[in-house]
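Note: the block below is protein_2.cif and it holds mmCIF, C-alpha atoms.
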data_my_file
loop_
_atom_site.label_atom_id
_atom_site.label_comp_id
_atom_site.auth_asym_id
_atom_site.auth_seq_id
_atom_site.Cartn_x
_atom_site.Cartn_y
_atom_site.Cartn_z
CA MET A 982 102.49 -97.15 70.20
CA ASP A 983 105.07 -97.80 72.94
CA GLU A 984 104.63 -96.61 76.51
CA SER A 985 107.12 -93.75 76.15
CA LEU A 986 105.24 -92.30 73.18
CA LYS A 987 101.90 -92.81 74.93
CA GLN A 988 103.16 -90.73 77.81
CA LYS A 989 104.36 -87.98 75.47
CA VAL A 990 100.97 -87.98 73.73
CA GLN A 991 99.20 -87.56 77.05
CA GLU A 992 101.58 -84.80 78.13
CA SER A 993 101.03 -82.94 74.86
CA ARG A 994 97.27 -83.26 75.29
CA ASP A 995 97.49 -81.88 78.83
CA ARG A 996 99.53 -78.93 77.51
CA LEU A 997 96.95 -78.34 74.80
CA ASP A 998 94.06 -78.32 77.26
CA ALA A 999 95.90 -75.87 79.52
CA HIS A 1000 96.75 -73.70 76.52
CA VAL A 1001 93.10 -73.67 75.40
CA ARG A 1002 92.02 -72.46 78.84
CA GLU A 1003 94.62 -69.68 78.72
CA ILE A 1004 93.68 -68.53 75.21
CA VAL A 1005 89.92 -68.65 75.83
CA SER A 1006 90.38 -66.69 79.04
CA TRP A 1007 92.41 -64.08 77.16
CA HIS A 1008 90.07 -63.63 74.20
CA PHE A 1009 86.87 -63.48 76.25
CA ASP A 1010 88.19 -61.15 78.96
CA PRO A 1011 86.93 -57.56 78.46
CA GLU A 1012 90.39 -56.30 79.42
CA THR A 1013 92.32 -58.30 76.82
CA GLY A 1014 89.93 -59.71 74.19
CA CYS A 1015 89.21 -58.29 70.75
CA SER A 1016 85.91 -56.66 69.84
CA PHE A 1017 84.81 -59.57 67.66
CA TRP A 1018 84.99 -62.22 70.38
CA LEU A 1019 83.60 -59.94 73.08
CA GLU A 1020 80.57 -59.23 70.88
CA PHE A 1021 80.27 -62.92 70.01
CA ALA A 1022 80.18 -63.77 73.72
CA LYS A 1023 77.00 -61.70 74.09
CA THR A 1024 75.20 -64.17 71.78
CA LEU A 1025 75.99 -67.11 74.08
CA ASP A 1026 74.04 -68.26 77.12
CA PHE A 1027 77.25 -69.15 78.96
CA ASP A 1028 80.65 -67.63 79.72
CA PRO A 1029 83.30 -69.49 77.69
CA ARG A 1030 85.82 -68.82 80.45
CA ASP A 1031 83.73 -70.99 82.78
CA LYS A 1032 82.56 -73.70 80.40
CA ILE A 1033 85.61 -74.39 78.23
CA GLY A 1034 88.02 -76.50 80.23
CA GLY A 1035 89.98 -78.01 77.35
CA TYR A 1036 90.23 -78.58 73.63
CA ASP A 1037 87.14 -80.80 73.28
CA ASP A 1038 84.95 -78.10 74.84
CA LEU A 1039 85.63 -75.73 71.92
CA ARG A 1040 82.73 -77.42 70.14
CA LEU A 1041 80.47 -75.29 72.38
CA LEU A 1042 81.47 -72.34 70.18
CA GLY A 1043 80.46 -74.01 66.91
CA HIS A 1044 82.52 -73.63 63.76
CA PHE A 1045 84.44 -70.51 62.80
CA GLN A 1046 82.92 -69.07 59.62
CA ASP A 1047 84.92 -68.10 56.56
CA GLU A 1048 82.99 -64.88 55.94
CA TRP A 1049 83.84 -63.49 59.40
CA LEU A 1050 87.32 -62.62 58.09
CA ARG A 1051 86.14 -60.99 54.86
CA GLY A 1052 85.93 -57.21 54.96
CA GLY A 1053 86.33 -54.77 57.83
CA PRO A 1054 86.68 -53.23 60.18
CA VAL A 1055 89.89 -55.20 60.60
CA ARG A 1056 90.56 -53.56 63.97
CA ARG A 1057 87.83 -55.70 65.52
CA TRP A 1058 90.40 -58.52 65.52
CA VAL A 1059 93.09 -56.62 67.48
CA PRO A 1060 93.06 -57.81 71.12
CA ARG A 1061 92.74 -55.01 73.66
CA GLY A 1062 95.59 -56.60 75.60
CA LEU A 1063 97.91 -55.90 72.65
CA GLU A 1064 96.76 -52.38 71.78
CA GLY A 1065 99.57 -49.97 71.00
CA LYS A 1066 101.79 -52.60 69.40
CA PRO A 1067 102.58 -52.35 65.66
CA VAL A 1068 99.99 -54.36 63.71
CA SER A 1069 100.40 -55.98 60.30
CA VAL A 1070 97.50 -57.21 58.21
CA PHE A 1071 97.88 -60.16 55.86
CA GLU A 1072 95.48 -61.35 53.19
CA THR A 1073 94.54 -64.78 51.95
CA GLY A 1074 92.25 -65.53 49.03
CA GLY A 1075 90.80 -62.61 47.12
CA SER A 1076 90.93 -64.04 43.60
CA THR A 1077 87.18 -63.48 43.60
CA GLY A 1078 85.55 -61.05 46.00
CA VAL A 1079 86.90 -59.62 49.22
CA PRO A 1080 89.98 -61.38 50.65
CA LYS A 1081 90.18 -62.73 54.18
CA TYR A 1082 92.21 -60.59 56.57
CA ARG A 1083 94.36 -61.67 59.49
CA VAL A 1084 96.01 -59.22 61.87
CA ASN A 1085 99.52 -60.08 63.03
CA ILE A 1086 101.85 -58.62 65.61
CA GLU A 1087 104.47 -61.26 66.42
CA ASP A 1088 102.81 -64.54 65.37
CA PHE A 1089 104.49 -64.83 61.99
CA ARG A 1090 107.88 -64.32 63.60
CA ILE A 1091 107.16 -66.89 66.31
CA ASP A 1092 105.90 -69.42 63.74
CA TYR A 1093 108.97 -69.12 61.54
CA ALA A 1094 111.41 -69.09 64.45
CA MET A 1095 109.88 -72.43 65.51
CA PHE A 1096 110.25 -73.69 61.94
CA SER A 1097 113.89 -72.56 61.87
CA ASP A 1098 114.66 -74.85 64.80
CA HIS A 1099 113.80 -77.85 62.60
CA LEU A 1100 116.04 -76.94 59.65
CA SER A 1101 119.35 -78.75 59.25
CA GLU A 1102 122.60 -76.82 59.44
CA ASP A 1103 123.94 -78.65 56.36
CA GLY A 1104 121.02 -77.77 54.11
CA PHE A 1105 120.23 -74.36 55.52
CA PRO A 1106 123.54 -73.06 56.89
CA LYS A 1107 123.65 -70.05 59.19
CA GLY A 1108 124.84 -66.98 57.34
CA ALA A 1109 123.59 -68.18 53.95
CA ASP A 1110 121.36 -65.86 51.93
CA TRP A 1111 117.90 -66.80 50.69
CA LEU A 1112 115.69 -66.45 47.63
CA MET A 1113 111.96 -66.14 48.33
CA LEU A 1114 110.35 -67.24 45.06
CA GLY A 1115 106.68 -67.13 45.91
CA PRO A 1116 103.63 -64.91 46.40
CA THR A 1117 104.44 -61.39 47.60
CA GLY A 1118 102.31 -58.29 48.22
CA PRO A 1119 99.84 -58.50 51.13
CA ARG A 1120 100.67 -62.12 51.94
CA ARG A 1121 102.38 -63.25 55.09
CA LEU A 1122 104.97 -65.35 53.22
CA ARG A 1123 106.85 -62.32 51.99
CA LEU A 1124 107.70 -61.05 55.49
CA ALA A 1125 107.85 -64.48 57.11
CA VAL A 1126 110.49 -65.97 54.82
CA GLU A 1127 112.51 -62.77 55.03
CA TYR A 1128 112.40 -63.03 58.82
CA LEU A 1129 113.45 -66.69 58.63
CA ALA A 1130 116.50 -65.70 56.61
CA GLN A 1131 117.32 -62.90 59.02
CA ILE A 1132 117.22 -65.00 62.20
CA ARG A 1133 119.54 -67.50 60.50
CA GLY A 1134 121.98 -64.69 59.75
CA GLY A 1135 121.10 -64.29 56.07
CA ILE A 1136 119.67 -61.72 53.68
CA CYS A 1137 116.50 -62.53 51.75
CA PHE A 1138 116.13 -61.63 48.08
CA LEU A 1139 112.58 -61.33 46.75
CA VAL A 1140 110.75 -61.31 43.44
CA ASP A 1141 107.52 -59.57 42.43
CA LEU A 1142 104.74 -62.14 42.11
CA ASP A 1143 100.99 -61.54 42.10
CA PRO A 1144 99.17 -64.93 42.23
CA ARG A 1145 95.78 -63.25 41.79
CA TRP A 1146 96.80 -62.11 38.33
CA VAL A 1147 97.89 -65.66 37.50
CA ASN A 1148 94.50 -66.98 38.64
CA LYS A 1149 92.69 -64.44 36.46
CA LEU A 1150 94.71 -65.52 33.44
CA ILE A 1151 93.86 -69.16 34.10
CA ARG A 1152 90.15 -68.42 34.57
CA ARG A 1153 89.95 -66.76 31.13
CA ASP A 1154 92.10 -69.49 29.57
CA ALA A 1155 94.88 -67.04 28.68
CA MET A 1156 97.53 -69.73 28.99
CA GLN A 1157 100.06 -68.04 26.73
CA GLU A 1158 99.92 -64.91 28.87
CA MET A 1159 100.20 -67.05 31.98
CA GLU A 1160 103.35 -68.71 30.64
CA LEU A 1161 104.80 -65.29 29.80
CA TYR A 1162 104.13 -64.08 33.32
CA LYS A 1163 105.68 -67.22 34.82
CA GLY A 1164 108.71 -66.65 32.61
CA HIS A 1165 108.93 -63.07 33.91
CA VAL A 1166 108.96 -64.36 37.50
CA ILE A 1167 111.58 -67.01 36.75
CA ASP A 1168 113.77 -64.41 34.99
CA GLN A 1169 113.74 -62.34 38.19
CA ALA A 1170 114.85 -65.37 40.19
CA LEU A 1171 117.64 -66.22 37.74
CA THR A 1172 118.94 -62.66 37.88
CA ILE A 1173 119.16 -62.86 41.67
CA LEU A 1174 120.87 -66.27 41.65
CA ARG A 1175 123.46 -65.25 39.04
CA ALA A 1176 124.31 -62.00 40.78
CA ASN A 1177 124.51 -63.24 44.37
CA ASP A 1178 126.84 -66.15 45.08
CA ASN A 1179 125.82 -66.47 48.74
CA VAL A 1180 122.20 -67.44 47.99
CA GLN A 1181 122.16 -71.05 49.18
CA CYS A 1182 118.55 -71.48 50.39
CA ILE A 1183 115.22 -71.12 48.59
CA PHE A 1184 111.57 -71.04 49.45
CA THR A 1185 109.27 -71.69 46.49
CA THR A 1186 106.18 -73.55 45.30
CA PRO A 1187 106.15 -76.84 43.33
CA LYS A 1188 105.22 -75.23 40.01
CA LEU A 1189 107.84 -72.50 40.29
CA LEU A 1190 110.54 -74.93 41.40
CA GLU A 1191 109.92 -77.06 38.33
CA ALA A 1192 110.02 -73.99 36.07
CA LEU A 1193 113.28 -72.81 37.67
CA CYS A 1194 114.89 -76.23 37.28
CA GLU A 1195 114.06 -76.20 33.57
CA LYS A 1196 116.51 -73.29 33.26
CA VAL A 1197 119.41 -74.14 35.58
CA SER A 1198 120.90 -76.76 37.86
CA LEU A 1199 120.30 -75.43 41.35
CA LYS A 1200 122.95 -77.79 42.71
CA LYS A 1201 125.56 -76.27 40.40
CA MET A 1202 124.43 -72.78 41.42
CA GLY A 1203 125.28 -73.56 45.04
CA ILE A 1204 121.79 -74.16 46.44
CA ARG A 1205 121.95 -76.42 49.50
CA GLY A 1206 118.41 -76.30 50.91
CA ILE A 1207 114.90 -75.79 49.56
CA PHE A 1208 111.67 -75.65 51.49
CA CYS A 1209 108.68 -75.92 49.29
CA GLY A 1210 104.94 -75.74 49.83
CA GLY A 1211 101.73 -75.46 47.89
CA THR A 1212 98.60 -77.28 46.81
CA GLU A 1213 100.52 -79.52 44.41
CA MET A 1214 103.01 -80.73 47.00
CA ASP A 1215 102.00 -84.39 46.90
CA ALA A 1216 103.85 -87.71 47.01
CA GLN A 1217 104.36 -87.70 43.24
CA PHE A 1218 105.98 -84.26 43.25
CA HIS A 1219 107.97 -85.15 46.36
CA ARG A 1220 109.54 -88.10 44.52
CA PHE A 1221 110.06 -86.01 41.36
CA ALA A 1222 111.81 -83.27 43.34
CA ARG A 1223 114.15 -85.55 45.28
CA GLU A 1224 115.05 -87.87 42.41
CA GLU A 1225 115.00 -85.60 39.36
CA LEU A 1226 114.68 -81.87 40.06
CA VAL A 1227 117.01 -81.30 43.01
CA PRO A 1228 118.87 -84.53 43.94
CA GLY A 1229 121.52 -83.92 46.56
CA ILE A 1230 119.77 -80.82 47.91
CA ASP A 1231 118.06 -80.82 51.33
CA PHE A 1232 114.40 -80.75 50.29
CA VAL A 1233 111.82 -79.91 52.99
CA PRO A 1234 108.10 -80.09 52.12
CA THR A 1235 105.96 -77.72 54.13
CA TYR A 1236 102.33 -76.86 54.68
CA GLY A 1237 101.18 -73.54 56.00
CA ASN A 1238 98.66 -70.78 55.58
CA THR A 1239 97.85 -67.35 56.87
CA LEU A 1240 95.42 -68.65 59.48
CA MET A 1241 97.49 -71.51 60.91
CA GLY A 1242 101.16 -70.74 60.64
CA LEU A 1243 103.55 -73.45 59.52
CA ALA A 1244 103.39 -77.22 59.95
CA HIS A 1245 106.41 -79.51 60.10
CA SER A 1246 106.83 -82.48 57.79
CA LYS A 1247 107.84 -85.90 59.08
CA PRO A 1248 111.63 -86.20 58.56
CA TYR A 1249 112.44 -88.09 55.38
CA ASN A 1250 114.75 -91.10 55.45
CA PRO A 1251 116.07 -92.85 52.33
CA GLY A 1252 113.94 -95.90 51.71
CA ASP A 1253 110.78 -94.25 53.01
CA SER A 1254 107.77 -93.86 50.78
CA TYR A 1255 107.27 -90.38 49.38
CA ASP A 1256 103.99 -89.84 51.22
CA ILE A 1257 104.18 -86.56 53.16
CA THR A 1258 102.94 -86.28 56.74
CA TYR A 1259 102.55 -82.86 58.32
CA TYR A 1260 102.32 -82.09 62.02
CA PRO A 1261 100.81 -78.73 63.02
CA PRO A 1262 102.62 -76.49 65.56
CA ASN A 1263 100.69 -77.80 68.57
CA PRO A 1264 99.48 -76.21 70.87
CA ARG A 1265 99.45 -73.00 68.83
CA ALA A 1266 97.49 -74.75 66.09
CA VAL A 1267 95.64 -78.06 65.84
CA ILE A 1268 94.32 -79.90 62.78
CA ASP A 1269 91.60 -82.51 63.14
CA LEU A 1270 90.37 -84.61 60.23
CA VAL A 1271 86.59 -84.86 60.44
CA TYR A 1272 83.76 -86.51 58.55
CA PRO A 1273 82.54 -83.97 55.94
CA ASN A 1274 78.88 -84.66 56.74
CA ASP A 1275 79.46 -84.79 60.50
CA PRO A 1276 82.29 -82.37 61.36
CA ASP A 1277 81.90 -82.97 65.10
CA ARG A 1278 83.37 -86.47 64.62
CA VAL A 1279 87.06 -87.15 64.00
CA VAL A 1280 87.90 -89.94 61.54
CA GLY A 1281 89.99 -92.95 62.54
CA TYR A 1282 93.70 -93.33 61.87
CA ARG A 1283 94.52 -93.81 58.17
CA GLU A 1284 90.96 -92.74 57.28
CA THR A 1285 90.22 -89.75 55.06
CA GLY A 1286 88.67 -86.62 56.51
CA ARG A 1287 88.25 -82.90 55.88
CA ALA A 1288 90.77 -80.68 57.65
CA MET A 1289 89.42 -78.67 60.57
CA LEU A 1290 91.83 -76.03 61.85
CA THR A 1291 91.95 -74.44 65.29
CA THR A 1292 94.40 -71.55 65.85
CA LEU A 1293 95.23 -70.68 69.46
CA THR A 1294 97.42 -67.64 70.00
CA LYS A 1295 96.90 -64.44 71.95
CA GLU A 1296 96.83 -62.53 68.68
CA PHE A 1297 94.37 -64.78 66.89
CA PHE A 1298 91.73 -67.28 67.94
CA VAL A 1299 90.06 -69.45 65.29
CA PRO A 1300 88.10 -72.40 66.68
CA ARG A 1301 87.19 -75.34 64.43
CA PHE A 1302 87.46 -73.77 60.97
CA LEU A 1303 86.67 -76.18 58.12
CA GLU A 1304 89.51 -75.84 55.62
CA ARG A 1305 89.46 -76.53 51.89
CA ASP A 1306 91.78 -79.53 52.29
CA GLU A 1307 91.41 -83.23 53.01
CA ALA A 1308 93.94 -85.87 54.09
CA GLU A 1309 94.42 -89.13 55.94
CA ARG A 1310 94.79 -89.03 59.73
CA ALA A 1311 98.32 -89.95 60.82
CA GLU A 1312 99.43 -91.26 64.19
CA PRO A 1313 101.69 -89.30 66.56
CA ILE A 1314 105.44 -89.80 66.28
CA ASP A 1315 108.23 -89.16 68.76
CA PRO A 1316 109.22 -85.66 67.57
CA TYR A 1317 105.53 -84.66 67.27
CA PRO A 1318 103.39 -86.54 69.82
CA TRP A 1319 100.04 -85.47 68.37
CA ASP A 1320 97.98 -86.27 65.29
CA GLY A 1321 99.32 -85.46 61.84
CA VAL A 1322 97.81 -85.29 58.36
CA GLU A 1323 99.09 -87.40 55.46
CA ASN A 1324 98.77 -86.79 51.72
CA LEU A 1325 97.14 -83.40 52.14
CA ARG A 1326 95.23 -82.28 49.05
CA LEU A 1327 92.36 -80.11 47.90
CA TYR A 1328 89.03 -81.22 49.34
CA ALA A 1329 87.41 -83.35 46.61
CA GLU A 1330 84.15 -81.37 46.50
CA LEU A 1331 86.10 -78.17 45.70
CA ASN A 1332 88.20 -79.53 42.84
CA GLU A 1333 85.96 -77.94 40.23
CA SER A 1334 85.79 -74.49 41.80
CA VAL A 1335 89.30 -73.71 43.10
CA VAL A 1336 92.06 -72.38 40.83
CA VAL A 1337 95.46 -73.60 42.02
CA GLY A 1338 97.53 -71.00 40.09
CA VAL A 1339 101.20 -70.71 41.09
CA TYR A 1340 100.73 -73.01 44.07
#
Hey, can you dump this file as structure tokens for me?
Amino acid sequence: MDESLKQKVQESRDRLDAHVREIVSWHFDPETGCSFWLEFAKTLDFDPRDKIGGYDDLRLLGHFQDEWLRGGPVRRWVPRGLEGKPVSVFETGGSTGVPKYRVNIEDFRIDYAMFSDHLSEDGFPKGADWLMLGPTGPRRLRLAVEYLAQIRGGICFLVDLDPRWVNKLIRRDAMQEMELYKGHVIDQALTILRANDNVQCIFTTPKLLEALCEKVSLKKMGIRGIFCGGTEMDAQFHRFAREELVPGIDFVPTYGNTLMGLAHSKPYNPGDSYDITYYPPNPRAVIDLVYPNDPDRVVGYRETGRAMLTTLTKEFFVPRFLERDEAERAEPIDPYPWDGVENLRLYAELNESVVVGVY
């Protein structure tokens, strides 16, 4: 790492520590915090506003628990400092049992405006319309991709897609029904593409992109840019997409979820390997890769670890949540002077229990 990059890494770390202090102060202040964190503070023998001076000190709060987001009342997550503003609620999970809820006010717009700044004008031209071929309903993607199209001067066309129904079909081994449903979704997409010449940009998942490309040449239909994310977005699919499915189209792998927002992938250059490295939107979100049996310890560079997410916005504070993914720790790079994650995939211990579905 050269001296210039070292300096940028240190500057980004200083910004992160300052941001942590600001967010902790906000969420644990009785005037601005949400009910959940103010009640949580009563279980501590210290005031987080005094003890947490930077990112490393978040370990004093332990690990955020998955079940805290399942069920209501969802208003316990609305910060008092933002009361009166229109609130959206997004769901994640829910194939079995109660889904996890996340309240949103402006975060999804901020996240996707930041992502927009990293899209090329050639692949994702201003004024072009979009097709959002992915999960809809109570998921954040539906509104977020539409907002992305809007701030780039486009209109977003959407399909109806319920991934929970797909997961149920897979669980009962109803593969013929699943293929019929996938065909129904792809038919919707084809209708949109054939009827609207100005659709030049697409968001979709790996499985749906492959199914769409079995029907038409997206290049011939005028598609110039695709950003694509999902569990099966790995190096093998990355190569397959660039070389066989959509050659000549600007292809942008992405990783995001309802809790984090949207990570940026390392820019691809011809001649690179097809390994994908993601960099979270620091300081609004941080991903550490930790030892599964000792999640207080971060693995070394190029070592494999379980993803631990921290989300740091005024709307939503999630410290040190152990995700269902694993990856190799990647070094900072000039555009993103903080740690990244390479070859992200489902955490090995969960491979038997998680249904991937349309992702």
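You can rank A:Val1147, A:Ala1192, A:Val1322, A:Val1180 by their closest distance to Glu1284 in chain A using only C-alpha atoms, and at the top of that list sits A:Val1322.
Nearest to Glu1160 in chain A of all the residues A:Ile1204, A:Val1126, A:Lys1247, A:Lys1188 is A:Lys1188, based on all atoms listed in the file.
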Step by step, work through what the PyMOL selection byres ((chain A and resi 1326-1330) around 12) selects in the shown file, and finish by giving those residues as number ranges by chain. A: 1210-1216, 1236, 1256-1259, 1270-1274, 1285-1289, 1303-1309, 1322-1325, 1331-1337, 1340
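Put simply, the PyMOL selection byres ((chain A and resi 1166-1173) around 8) on this file hits Leu1112, Leu1114, Phe1138, Val1140, Asp1141, Leu1142, Tyr1162, Lys1163, Gly1164, His1165, Leu1174, Arg1175, Ala1176, Asn1177, Leu1189, Ala1192 and Leu1193 of chain A.
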Measuring atom to atom with only C-alpha atoms, identify which of A:Asp1038, A:Glu1158, A:Asp1026, A:Glu1225 is nearest to Lys1200 in chain A. A:Glu1225
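Atom pair CA of Val1070 in chain A / CA of Val1084 in chain A has a distance of 4.4 Å (rounded to one decimal).
Taking CA of Gly1135 in chain A and CA of Gln1181 in chain A as endpoints, the distance between them is 9.7 Å.
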Nearest to Gly1321 in chain A by atom-to-atom distance, counting all atoms listed in the file, from A:Phe1089, A:Tyr1260, A:Phe1298, A:Trp1007: A:Tyr1260
Could you check which residues have any atom within 12 Å of (84.9, -66.8, 53.7), counting all atoms listed in the file with coordinates taken straight from the file, and then list them as a PDB file with C-alpha atoms, in the coordinates of the input?
ATOM      1  CA  PHE A1045      84.440 -70.510  62.800  1.00  0.00           C
ATOM      2  CA  GLN A1046      82.920 -69.070  59.620  1.00  0.00           C
ATOM      3  CA  ASP A1047      84.920 -68.100  56.560  1.00  0.00           C
ATOM      4  CA  GLU A1048      82.990 -64.880  55.940  1.00  0.00           C
ATOM      5  CA  TRP A1049      83.840 -63.490  59.400  1.00  0.00           C
ATOM      6  CA  LEU A1050      87.320 -62.620  58.090  1.00  0.00           C
ATOM      7  CA  ARG A1051      86.140 -60.990  54.860  1.00  0.00           C
ATOM      8  CA  GLY A1052      85.930 -57.210  54.960  1.00  0.00           C
ATOM      9  CA  GLU A1072      95.480 -61.350  53.190  1.00  0.00           C
ATOM     10  CA  THR A1073      94.540 -64.780  51.950  1.00  0.00           C
ATOM     11  CA  GLY A1074      92.250 -65.530  49.030  1.00  0.00           C
ATOM     12  CA  GLY A1075      90.800 -62.610  47.120  1.00  0.00           C
ATOM     13  CA  THR A1077      87.180 -63.480  43.600  1.00  0.00           C
ATOM     14  CA  GLY A1078      85.550 -61.050  46.000  1.00  0.00           C
ATOM     15  CA  VAL A1079      86.900 -59.620  49.220  1.00  0.00           C
ATOM     16  CA  PRO A1080      89.980 -61.380  50.650  1.00  0.00           C
ATOM     17  CA  LYS A1081      90.180 -62.730  54.180  1.00  0.00           C
ATOM     18  CA  TYR A1082      92.210 -60.590  56.570  1.00  0.00           C
ATOM     19  CA  PHE A1302      87.460 -73.770  60.970  1.00  0.00           C
ATOM     20  CA  LEU A1303      86.670 -76.180  58.120  1.00  0.00           C
ATOM     21  CA  GLU A1304      89.510 -75.840  55.620  1.00  0.00           C
ATOM     22  CA  ARG A1305      89.460 -76.530  51.890  1.00  0.00           C
TER      23      ARG A1305
END
I need the residue set behind the PyMOL selection byres ((chain A and resi 982-993) around 12) for this file; please write it as number ranges by chain. A: 994-1000, 1036, 1262-1265, 1267, 1312-1320
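One finds CA of Phe1297 in chain A at 18.9 Å from CA of Phe1096 in chain A.
Remark: for Leu1190 in chain A, the closest of the candidate residues A:Leu1139, A:Ile1268, A:Met1113, A:Thr1239 is A:Met1113 (distances computed over only C-alpha atoms).
Considering the residues A:Ser1198, A:Ser1006, A:Asn1148, A:Asn1179 and counting only C-alpha atoms, Pro1106 in chain A has its shortest atom-to-atom contact with A:Asn1179.
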Selection: 12 Å around Leu1124 in chain A, all atoms listed in the file, excl. self and same-chain fewer than 2 positions, as a PDB file with C-alpha atoms, keeping the file's coordinate frame:
ATOM      1  CA  SER A1069     100.400 -55.980  60.300  1.00  0.00           C
ATOM      2  CA  VAL A1070      97.500 -57.210  58.210  1.00  0.00           C
ATOM      3  CA  PHE A1071      97.880 -60.160  55.860  1.00  0.00           C
ATOM      4  CA  ASN A1085      99.520 -60.080  63.030  1.00  0.00           C
ATOM      5  CA  ILE A1086     101.850 -58.620  65.610  1.00  0.00           C
ATOM      6  CA  GLU A1087     104.470 -61.260  66.420  1.00  0.00           C
ATOM      7  CA  ASP A1088     102.810 -64.540  65.370  1.00  0.00           C
ATOM      8  CA  PHE A1089     104.490 -64.830  61.990  1.00  0.00           C
ATOM      9  CA  ARG A1090     107.880 -64.320  63.600  1.00  0.00           C
ATOM     10  CA  ASP A1092     105.900 -69.420  63.740  1.00  0.00           C
ATOM     11  CA  TYR A1093     108.970 -69.120  61.540  1.00  0.00           C
ATOM     12  CA  MET A1113     111.960 -66.140  48.330  1.00  0.00           C
ATOM     13  CA  GLY A1115     106.680 -67.130  45.910  1.00  0.00           C
ATOM     14  CA  PRO A1116     103.630 -64.910  46.400  1.00  0.00           C
ATOM     15  CA  THR A1117     104.440 -61.390  47.600  1.00  0.00           C
ATOM     16  CA  GLY A1118     102.310 -58.290  48.220  1.00  0.00           C
ATOM     17  CA  PRO A1119      99.840 -58.500  51.130  1.00  0.00           C
ATOM     18  CA  ARG A1120     100.670 -62.120  51.940  1.00  0.00           C
ATOM     19  CA  ARG A1121     102.380 -63.250  55.090  1.00  0.00           C
ATOM     20  CA  LEU A1122     104.970 -65.350  53.220  1.00  0.00           C
ATOM     21  CA  VAL A1126     110.490 -65.970  54.820  1.00  0.00           C
ATOM     22  CA  GLU A1127     112.510 -62.770  55.030  1.00  0.00           C
ATOM     23  CA  TYR A1128     112.400 -63.030  58.820  1.00  0.00           C
ATOM     24  CA  LEU A1129     113.450 -66.690  58.630  1.00  0.00           C
ATOM     25  CA  ALA A1130     116.500 -65.700  56.610  1.00  0.00           C
ATOM     26  CA  GLN A1131     117.320 -62.900  59.020  1.00  0.00           C
ATOM     27  CA  CYS A1137     116.500 -62.530  51.750  1.00  0.00           C
ATOM     28  CA  PHE A1138     116.130 -61.630  48.080  1.00  0.00           C
ATOM     29  CA  LEU A1139     112.580 -61.330  46.750  1.00  0.00           C
ATOM     30  CA  THR A1239      97.850 -67.350  56.870  1.00  0.00           C
TER      31      THR A1239
END
Within 12 Å of Phe1021 in chain A using all atoms listed in the file, minus same-chain residues under 6 positions, as an MDAnalysis selection string: chainID A and resid 1008:1009 1014:1015 1027:1029 1042:1043 1045 1049 1057:1058
Once you add 3 Å to each side, what are the centre and edge lengths of the axis-aligned box holding all listed atoms of range 1044-1058 of chain A? One decimal in Å, as lines of an AutoDock Vina configuration file, if you can.
center_x = 86.5
center_y = -63.4
center_z = 60.2
size_x = 14.0
size_y = 26.4
size_z = 16.7
